$ cat my_file.tsv   # TSV, C-alpha atoms
chain	number	residue	atom	x	y	z
A	1	MET	CA	109.11	130.71	132.41
A	2	SER	CA	110.68	128.79	129.53
A	3	PHE	CA	108.75	127.77	126.42
A	4	ARG	CA	109.03	124.10	127.43
A	5	GLU	CA	107.51	124.83	130.83
A	6	LYS	CA	104.69	126.77	129.23
A	7	SER	CA	104.07	123.82	126.89
A	8	ALA	CA	103.87	121.50	129.90
A	9	TRP	CA	101.33	123.81	131.55
A	10	ILE	CA	99.26	123.91	128.36
A	11	SER	CA	99.32	120.13	128.10
A	12	MET	CA	98.44	119.53	131.75
A	13	LEU	CA	95.63	122.08	131.92
A	14	SER	CA	94.04	121.27	128.58
A	15	MET	CA	94.12	117.51	129.20
A	16	SER	CA	92.73	117.96	132.70
A	17	GLY	CA	89.92	120.20	131.48
A	18	ILE	CA	88.92	118.44	128.31
A	19	TYR	CA	89.29	114.87	129.50
A	20	GLY	CA	87.80	115.89	132.83
A	21	PHE	CA	84.67	116.93	130.97
A	22	TYR	CA	84.68	113.67	128.99
A	23	PHE	CA	84.94	111.46	132.08
A	24	TRP	CA	82.34	113.54	133.89
A	25	SER	CA	79.98	112.86	130.96
A	26	VAL	CA	80.78	109.15	131.12
A	27	ILE	CA	80.14	109.02	134.86
A	28	ARG	CA	76.86	110.85	134.41
A	29	SER	CA	75.83	108.24	131.84
A	30	GLY	CA	76.41	105.50	134.42
A	31	PRO	CA	78.51	102.35	134.16
A	32	HIS	CA	75.91	100.43	132.18
A	33	ALA	CA	75.24	103.10	129.57
A	34	GLY	CA	75.41	101.28	126.26
A	35	SER	CA	78.55	100.72	124.24
A	36	PHE	CA	81.81	102.67	124.21
A	37	HIS	CA	81.13	106.09	122.73
A	38	PHE	CA	83.78	106.43	120.05
A	39	GLY	CA	82.13	109.56	118.77
A	40	GLY	CA	82.41	111.27	122.13
A	41	LEU	CA	86.01	110.18	122.51
A	42	LEU	CA	86.87	111.36	119.00
A	43	GLU	CA	85.36	114.77	119.71
A	44	THR	CA	87.38	114.92	122.92
A	45	ILE	CA	90.63	114.11	121.13
A	46	ILE	CA	89.95	116.63	118.37
A	47	ALA	CA	89.10	119.30	120.92
A	48	LEU	CA	92.30	118.57	122.82
A	49	VAL	CA	94.46	118.73	119.70
A	50	VAL	CA	92.88	122.00	118.58
A	51	VAL	CA	93.19	123.63	122.00
A	52	GLU	CA	96.81	122.56	122.44
A	53	ILE	CA	97.78	123.73	118.96
A	54	VAL	CA	96.07	127.10	119.37
A	55	LEU	CA	97.58	127.76	122.79
A	56	THR	CA	101.05	126.56	121.79
A	57	VAL	CA	101.04	128.71	118.65
A	58	ALA	CA	99.87	131.69	120.71
A	59	VAL	CA	102.77	131.21	123.13
A	60	ALA	CA	105.20	130.70	120.25
A	61	ILE	CA	104.12	133.97	118.63
A	62	PHE	CA	105.21	135.88	121.73
A	63	THR	CA	108.48	133.95	122.16
A	64	PRO	CA	109.50	132.87	118.65
A	65	LYS	CA	113.21	132.44	119.42
A	66	GLU	CA	112.54	130.16	122.37
A	67	ALA	CA	109.92	128.20	120.48
A	68	LYS	CA	112.30	127.47	117.61
A	69	ALA	CA	115.23	126.54	119.85
A	70	PRO	CA	115.75	122.79	120.28
A	71	ARG	CA	115.51	121.20	123.72
A	72	ASP	CA	118.75	121.55	125.63
A	73	GLU	CA	120.29	118.92	127.91
A	74	ARG	CA	118.33	120.07	130.95
A	75	ASP	CA	115.02	119.97	129.04
A	76	LYS	CA	115.81	116.41	127.95
A	77	LEU	CA	116.74	115.36	131.48
A	78	ILE	CA	113.55	116.83	132.91
A	79	GLU	CA	111.52	115.06	130.25
A	80	LEU	CA	113.20	111.72	130.94
A	81	ARG	CA	112.62	112.02	134.69
A	82	ALA	CA	108.97	112.92	134.10
A	83	MET	CA	108.54	109.96	131.75
A	84	ARG	CA	109.98	107.64	134.37
A	85	VAL	CA	107.54	108.83	137.03
A	86	ALA	CA	104.60	108.70	134.62
A	87	TYR	CA	105.51	105.21	133.45
A	88	SER	CA	105.70	103.97	137.04
A	89	GLY	CA	102.23	105.37	137.66
A	90	LEU	CA	100.95	103.86	134.42
A	91	ALA	CA	102.36	100.40	135.19
A	92	THR	CA	100.97	100.40	138.73
A	93	SER	CA	97.55	101.57	137.59
A	94	VAL	CA	97.34	99.00	134.81
A	95	ALA	CA	98.23	96.26	137.30
A	96	LEU	CA	95.45	97.46	139.59
A	97	ALA	CA	93.03	97.60	136.67
A	98	CYS	CA	93.88	94.00	135.80
A	99	PHE	CA	93.20	93.03	139.40
A	100	PHE	CA	89.81	94.72	139.44
A	101	ALA	CA	88.96	93.24	136.02
A	102	GLY	CA	88.75	89.95	137.84
A	103	PHE	CA	85.54	91.19	139.43
A	104	ASN	CA	83.89	91.35	135.96
A	105	PRO	CA	83.02	95.03	135.70
A	106	PRO	CA	81.10	96.18	132.59
A	107	LEU	CA	83.10	96.53	129.37
A	108	LEU	CA	82.43	100.28	129.28
A	109	PHE	CA	83.99	100.58	132.71
A	110	ASN	CA	87.10	98.66	131.61
A	111	ALA	CA	87.58	100.68	128.44
A	112	ASN	CA	87.16	104.02	130.17
A	113	ALA	CA	89.26	102.89	133.12
A	114	LEU	CA	92.18	102.19	130.80
A	115	LEU	CA	91.71	105.52	129.06
A	116	PHE	CA	91.57	107.25	132.44
A	117	ILE	CA	94.83	105.57	133.44
A	118	LEU	CA	96.52	106.71	130.24
A	119	VAL	CA	95.28	110.28	130.57
A	120	THR	CA	96.32	110.41	134.21
A	121	ALA	CA	99.80	109.21	133.29
A	122	GLU	CA	100.08	111.96	130.68
A	123	ILE	CA	98.90	114.60	133.14
A	124	LEU	CA	101.34	113.25	135.71
A	125	ARG	CA	104.16	113.52	133.17
A	126	SER	CA	103.37	117.17	132.49
A	127	ALA	CA	103.01	117.87	136.21
A	128	CYS	CA	106.42	116.32	136.92
A	129	GLN	CA	107.99	118.49	134.24
A	130	ILE	CA	106.40	121.59	135.75
A	131	VAL	CA	107.57	120.74	139.27
A	132	GLN	CA	111.12	120.27	138.03
A	133	TYR	CA	111.10	123.52	136.09
A	134	ARG	CA	109.66	125.39	139.09
A	135	ARG	CA	112.34	123.97	141.36
A	136	GLY	CA	114.98	125.01	138.86
A	137	ALA	CA	116.28	121.45	138.76
B	1	MET	CA	123.69	119.31	143.45
B	2	GLY	CA	125.60	121.28	146.11
B	3	ALA	CA	128.91	119.49	145.44
B	4	ILE	CA	129.78	121.68	142.45
B	5	ARG	CA	130.13	125.46	142.73
B	6	ASN	CA	130.88	127.83	139.91
B	7	GLU	CA	132.09	131.33	139.15
B	8	ILE	CA	129.85	131.92	136.16
B	9	ARG	CA	128.02	134.95	137.50
B	10	ARG	CA	131.25	136.74	138.42
B	11	LEU	CA	132.85	135.83	135.10
B	12	ARG	CA	129.82	137.12	133.19
B	13	PHE	CA	130.09	140.49	134.88
B	14	GLU	CA	133.82	140.59	134.23
B	15	HIS	CA	133.23	139.94	130.54
B	16	GLY	CA	131.38	143.08	129.64
B	17	GLU	CA	128.43	142.38	131.92
B	18	MET	CA	127.34	139.51	129.73
B	19	THR	CA	123.74	138.56	130.32
B	20	GLN	CA	122.55	135.04	130.98
B	21	GLN	CA	120.77	135.11	127.62
B	22	GLU	CA	123.96	136.06	125.82
B	23	LEU	CA	125.89	133.28	127.51
B	24	ALA	CA	123.08	130.81	126.78
B	25	GLU	CA	123.20	131.64	123.08
B	26	LYS	CA	126.94	131.14	122.97
B	27	ILE	CA	126.76	127.67	124.51
B	28	ASN	CA	123.44	126.44	123.00
B	29	LEU	CA	121.56	126.21	126.27
B	30	THR	CA	118.47	128.06	127.42
B	31	ARG	CA	118.67	131.09	129.68
B	32	GLN	CA	116.77	129.14	132.33
B	33	THR	CA	119.40	126.39	132.24
B	34	VAL	CA	122.20	128.92	132.65
B	35	ASN	CA	120.34	130.37	135.62
B	36	ALA	CA	119.91	126.91	137.14
B	37	ILE	CA	123.64	126.24	136.70
B	38	GLU	CA	124.60	129.53	138.34
B	39	LEU	CA	122.36	128.82	141.30
B	40	GLY	CA	123.87	125.37	141.71
B	41	LYS	CA	120.53	123.70	141.07
B	42	TYR	CA	121.71	121.92	137.94
B	43	SER	CA	125.09	120.42	137.10
B	44	PRO	CA	125.91	120.81	133.40
B	45	SER	CA	127.26	117.98	131.31
B	46	LEU	CA	131.01	117.83	130.82
B	47	GLU	CA	130.64	119.12	127.28
B	48	ALA	CA	128.53	122.08	128.42
B	49	ALA	CA	131.02	122.83	131.19
B	50	PHE	CA	133.86	122.93	128.68
B	51	ARG	CA	131.85	125.21	126.39
B	52	ILE	CA	131.16	127.59	129.27
B	53	SER	CA	134.83	127.65	130.22
B	54	ALA	CA	135.81	128.29	126.60
B	55	VAL	CA	133.51	131.33	126.43
B	56	PHE	CA	135.42	132.91	129.30
B	57	GLY	CA	138.80	131.67	128.12
B	58	LYS	CA	139.44	129.98	131.44
B	59	PRO	CA	140.38	126.42	132.38
B	60	LEU	CA	137.56	124.23	133.67
B	61	GLU	CA	138.89	124.26	137.24
B	62	SER	CA	138.72	128.06	137.32
B	63	VAL	CA	135.05	128.08	136.47
B	64	PHE	CA	133.78	125.01	138.34
B	65	HIS	CA	134.83	123.81	141.78
B	66	TYR	CA	134.10	120.34	143.09
B	67	SER	CA	133.80	120.16	146.84
B	68	GLY	CA	133.55	116.37	146.95
B	69	ASP	CA	132.57	114.95	150.30
B	70	GLU	CA	133.14	118.23	152.20
$ encode --input "my_file.tsv" --output "structure tokens"
Amino acid sequence: MSFREKSAWISMLSMSGIYGFYFWSVIRSGPHAGSFHFGGLLETIIALVVVEIVLTVAVAIFTPKEAKAPRDERDKLIELRAMRVAYSGLATSVALACFFAGFNPPLLFNANALLFILVTAEILRSACQIVQYRRGA
Amino acid sequence: MGAIRNEIRRLRFEHGEMTQQELAEKINLTRQTVNAIELGKYSPSLEAAFRISAVFGKPLESVFHYSGDE
């Protein structure tokens, strides 16, 4: 498994786990639970950054040559394809969110819905990279 | 991706049993990319193809074969 693929796994799993916990907490609070919790979101972002850095450094320690090597043409192509898929998902989801906004959901719902869309797009991007690496594309 | 075949694996063995990693380092690609090229799962850029051919001292057509619409 290449360093880039490992990085994609780290990104996908850490985002899924950490943001999964965040959204689970939001859902538990209910759609009418007060204002947008910036503190909770900030903690989530910090936790994600720390986890990704720690895991990426750990992987880099075991494969220092690969970690230092720049992305080659195949890495760049895989990344571009993944971005294209993720962007399509993002655009479609935002359009749907705009449609449902017409039904006047609570502000907290709107804010978290947009965050959920963004996180899902990022996870989708990492997943697309992993699929391509696994297929040897 | 099946339109282009290559002789890279055979040429590696003929050149002192060069490993994929060694070839990758010579042409600034990752070992995984070299493996994908050998298996026909990834077609290298023209520049990369020329670099690979130069490593083996062969013309491009001796290393890569285009089967077209066959």
$ closest_atom_pairs --input "my_file.tsv" --of "chain B" --to "chain A" --cutoff "6 Å" --atoms "only C-alpha atoms" --output "CSV"
residue,atom,partner,partner_atom,distance
B:Leu29,CA,A:Asp72,CA,5.5
B:Ala36,CA,A:Gly136,CA,5.6
B:Lys41,CA,A:Ala137,CA,5.3
B:Tyr42,CA,A:Ala137,CA,5.5
$ closest_residue --input "my_file.tsv" --among "A:Ser7, A:Ser29, A:Ser88, A:Ser14" --to "Ala58 of chain A" --atoms "all atoms listed in the file"
A:Ser7
$ atom_distance --input "my_file.tsv" --atom1 "atom CA of Glu122 of chain A" --atom2 "atom CA of Ala86 of chain A"
6.8 Å
$ residues_around --input "my_file.tsv" --residues "Ile117 of chain A" --least-positions-apart "6" --cutoff "8 Å" --atoms "all atoms listed in the file" --output "ChimeraX atom specification"
/A:90,93-94
$ atom_distance --input "my_file.tsv" --atom1 "atom CA of Ile46 of chain A" --atom2 "atom CA of Ala82 of chain A"
25.0 Å
$ atom_distance --input "my_file.tsv" --atom1 "atom CA of Ala97 of chain A" --atom2 "atom CA of Phe116 of chain A"
10.6 Å
$ residues_around --input "my_file.tsv" --residues "Thr92 of chain A" --least-positions-apart "6" --cutoff "12 Å" --atoms "all atoms listed in the file" --output "list in words"
Val85, Ala86, Cys98, Phe99, Leu114, Ile117, Leu118, Thr120 and Ala121 of chain A
$ residues_around --input "my_file.tsv" --residues "Ala47 of chain A" --least-positions-apart "3" --cutoff "12 Å" --atoms "all atoms listed in the file" --output "mmCIF file with C-alpha atoms, in the frame of the given file"
data_model
loop_
_atom_site.group_PDB
_atom_site.id
_atom_site.type_symbol
_atom_site.label_atom_id
_atom_site.label_comp_id
_atom_site.auth_asym_id
_atom_site.auth_seq_id
_atom_site.Cartn_x
_atom_site.Cartn_y
_atom_site.Cartn_z
ATOM 1 C CA SER A 14 94.040 121.270 128.580
ATOM 2 C CA MET A 15 94.120 117.510 129.200
ATOM 3 C CA GLY A 17 89.920 120.200 131.480
ATOM 4 C CA ILE A 18 88.920 118.440 128.310
ATOM 5 C CA TYR A 19 89.290 114.870 129.500
ATOM 6 C CA PHE A 21 84.670 116.930 130.970
ATOM 7 C CA TYR A 22 84.680 113.670 128.990
ATOM 8 C CA GLY A 40 82.410 111.270 122.130
ATOM 9 C CA LEU A 41 86.010 110.180 122.510
ATOM 10 C CA LEU A 42 86.870 111.360 119.000
ATOM 11 C CA GLU A 43 85.360 114.770 119.710
ATOM 12 C CA THR A 44 87.380 114.920 122.920
ATOM 13 C CA VAL A 50 92.880 122.000 118.580
ATOM 14 C CA VAL A 51 93.190 123.630 122.000
ATOM 15 C CA GLU A 52 96.810 122.560 122.440
ATOM 16 C CA ILE A 53 97.780 123.730 118.960
ATOM 17 C CA VAL A 54 96.070 127.100 119.370
#
$ residues_around --input "my_file.tsv" --residues "Leu11 of chain B" --least-positions-apart "5" --cutoff "9 Å" --atoms "only C-alpha atoms" --output "PyMOL selection string"
chain B and resi 17-18+56+63
$ residues_around --input "my_file.tsv" --residues "Ser67 of chain B" --least-positions-apart "6" --cutoff "8 Å" --atoms "all atoms listed in the file" --output "MDAnalysis selection string"
chainID B and resid 3:5
$ decode --input "my_file.tsv" --residues "segment 10-23 of chain B" --atoms "N, CA, C and O atoms" --output "PDB file, in the first residue's frame"
ATOM      1  N   ARG B  10       9.756  -8.007 -18.543  1.00  0.00           N
ATOM      2  CA  ARG B  10      10.822  -8.800 -19.181  1.00  0.00           C
ATOM      3  C   ARG B  10      12.117  -8.007 -19.235  1.00  0.00           C
ATOM      4  O   ARG B  10      13.205  -8.519 -18.954  1.00  0.00           O
ATOM      5  N   LEU B  11      12.005  -6.736 -19.597  1.00  0.00           N
ATOM      6  CA  LEU B  11      13.199  -5.889 -19.701  1.00  0.00           C
ATOM      7  C   LEU B  11      13.863  -5.688 -18.338  1.00  0.00           C
ATOM      8  O   LEU B  11      15.093  -5.627 -18.239  1.00  0.00           O
ATOM      9  N   ARG B  12      13.066  -5.600 -17.301  1.00  0.00           N
ATOM     10  CA  ARG B  12      13.648  -5.471 -15.946  1.00  0.00           C
ATOM     11  C   ARG B  12      14.490  -6.697 -15.618  1.00  0.00           C
ATOM     12  O   ARG B  12      15.619  -6.591 -15.130  1.00  0.00           O
ATOM     13  N   PHE B  13      13.957  -7.859 -15.891  1.00  0.00           N
ATOM     14  CA  PHE B  13      14.696  -9.088 -15.590  1.00  0.00           C
ATOM     15  C   PHE B  13      15.947  -9.204 -16.448  1.00  0.00           C
ATOM     16  O   PHE B  13      16.974  -9.711 -15.993  1.00  0.00           O
ATOM     17  N   GLU B  14      15.865  -8.704 -17.665  1.00  0.00           N
ATOM     18  CA  GLU B  14      17.030  -8.770 -18.556  1.00  0.00           C
ATOM     19  C   GLU B  14      18.104  -7.765 -18.161  1.00  0.00           C
ATOM     20  O   GLU B  14      19.248  -7.885 -18.604  1.00  0.00           O
ATOM     21  N   HIS B  15      17.730  -6.772 -17.399  1.00  0.00           N
ATOM     22  CA  HIS B  15      18.695  -5.758 -16.956  1.00  0.00           C
ATOM     23  C   HIS B  15      19.071  -5.982 -15.498  1.00  0.00           C
ATOM     24  O   HIS B  15      18.802  -5.150 -14.621  1.00  0.00           O
ATOM     25  N   GLY B  16      19.684  -7.088 -15.266  1.00  0.00           N
ATOM     26  CA  GLY B  16      20.190  -7.392 -13.929  1.00  0.00           C
ATOM     27  C   GLY B  16      19.110  -7.612 -12.895  1.00  0.00           C
ATOM     28  O   GLY B  16      19.308  -7.302 -11.719  1.00  0.00           O
ATOM     29  N   GLU B  17      17.971  -8.147 -13.349  1.00  0.00           N
ATOM     30  CA  GLU B  17      16.853  -8.417 -12.438  1.00  0.00           C
ATOM     31  C   GLU B  17      16.497  -7.164 -11.621  1.00  0.00           C
ATOM     32  O   GLU B  17      16.360  -7.209 -10.399  1.00  0.00           O
ATOM     33  N   MET B  18      16.380  -6.075 -12.355  1.00  0.00           N
ATOM     34  CA  MET B  18      16.008  -4.809 -11.722  1.00  0.00           C
ATOM     35  C   MET B  18      14.652  -4.957 -11.039  1.00  0.00           C
ATOM     36  O   MET B  18      13.729  -5.522 -11.616  1.00  0.00           O
ATOM     37  N   THR B  19      14.550  -4.419  -9.853  1.00  0.00           N
ATOM     38  CA  THR B  19      13.267  -4.478  -9.149  1.00  0.00           C
ATOM     39  C   THR B  19      12.377  -3.316  -9.597  1.00  0.00           C
ATOM     40  O   THR B  19      12.846  -2.343 -10.192  1.00  0.00           O
ATOM     41  N   GLN B  20      11.099  -3.436  -9.267  1.00  0.00           N
ATOM     42  CA  GLN B  20      10.180  -2.347  -9.595  1.00  0.00           C
ATOM     43  C   GLN B  20      10.587  -1.068  -8.860  1.00  0.00           C
ATOM     44  O   GLN B  20      10.501   0.030  -9.399  1.00  0.00           O
ATOM     45  N   GLN B  21      11.051  -1.233  -7.625  1.00  0.00           N
ATOM     46  CA  GLN B  21      11.462  -0.075  -6.829  1.00  0.00           C
ATOM     47  C   GLN B  21      12.645   0.627  -7.482  1.00  0.00           C
ATOM     48  O   GLN B  21      12.683   1.857  -7.554  1.00  0.00           O
ATOM     49  N   GLU B  22      13.586  -0.167  -7.977  1.00  0.00           N
ATOM     50  CA  GLU B  22      14.763   0.431  -8.621  1.00  0.00           C
ATOM     51  C   GLU B  22      14.359   1.191  -9.876  1.00  0.00           C
ATOM     52  O   GLU B  22      14.834   2.305 -10.131  1.00  0.00           O
ATOM     53  N   LEU B  23      13.491   0.587 -10.657  1.00  0.00           N
ATOM     54  CA  LEU B  23      13.019   1.264 -11.864  1.00  0.00           C
ATOM     55  C   LEU B  23      12.261   2.537 -11.489  1.00  0.00           C
ATOM     56  O   LEU B  23      12.453   3.589 -12.099  1.00  0.00           O
TER      57      LEU B  23
END
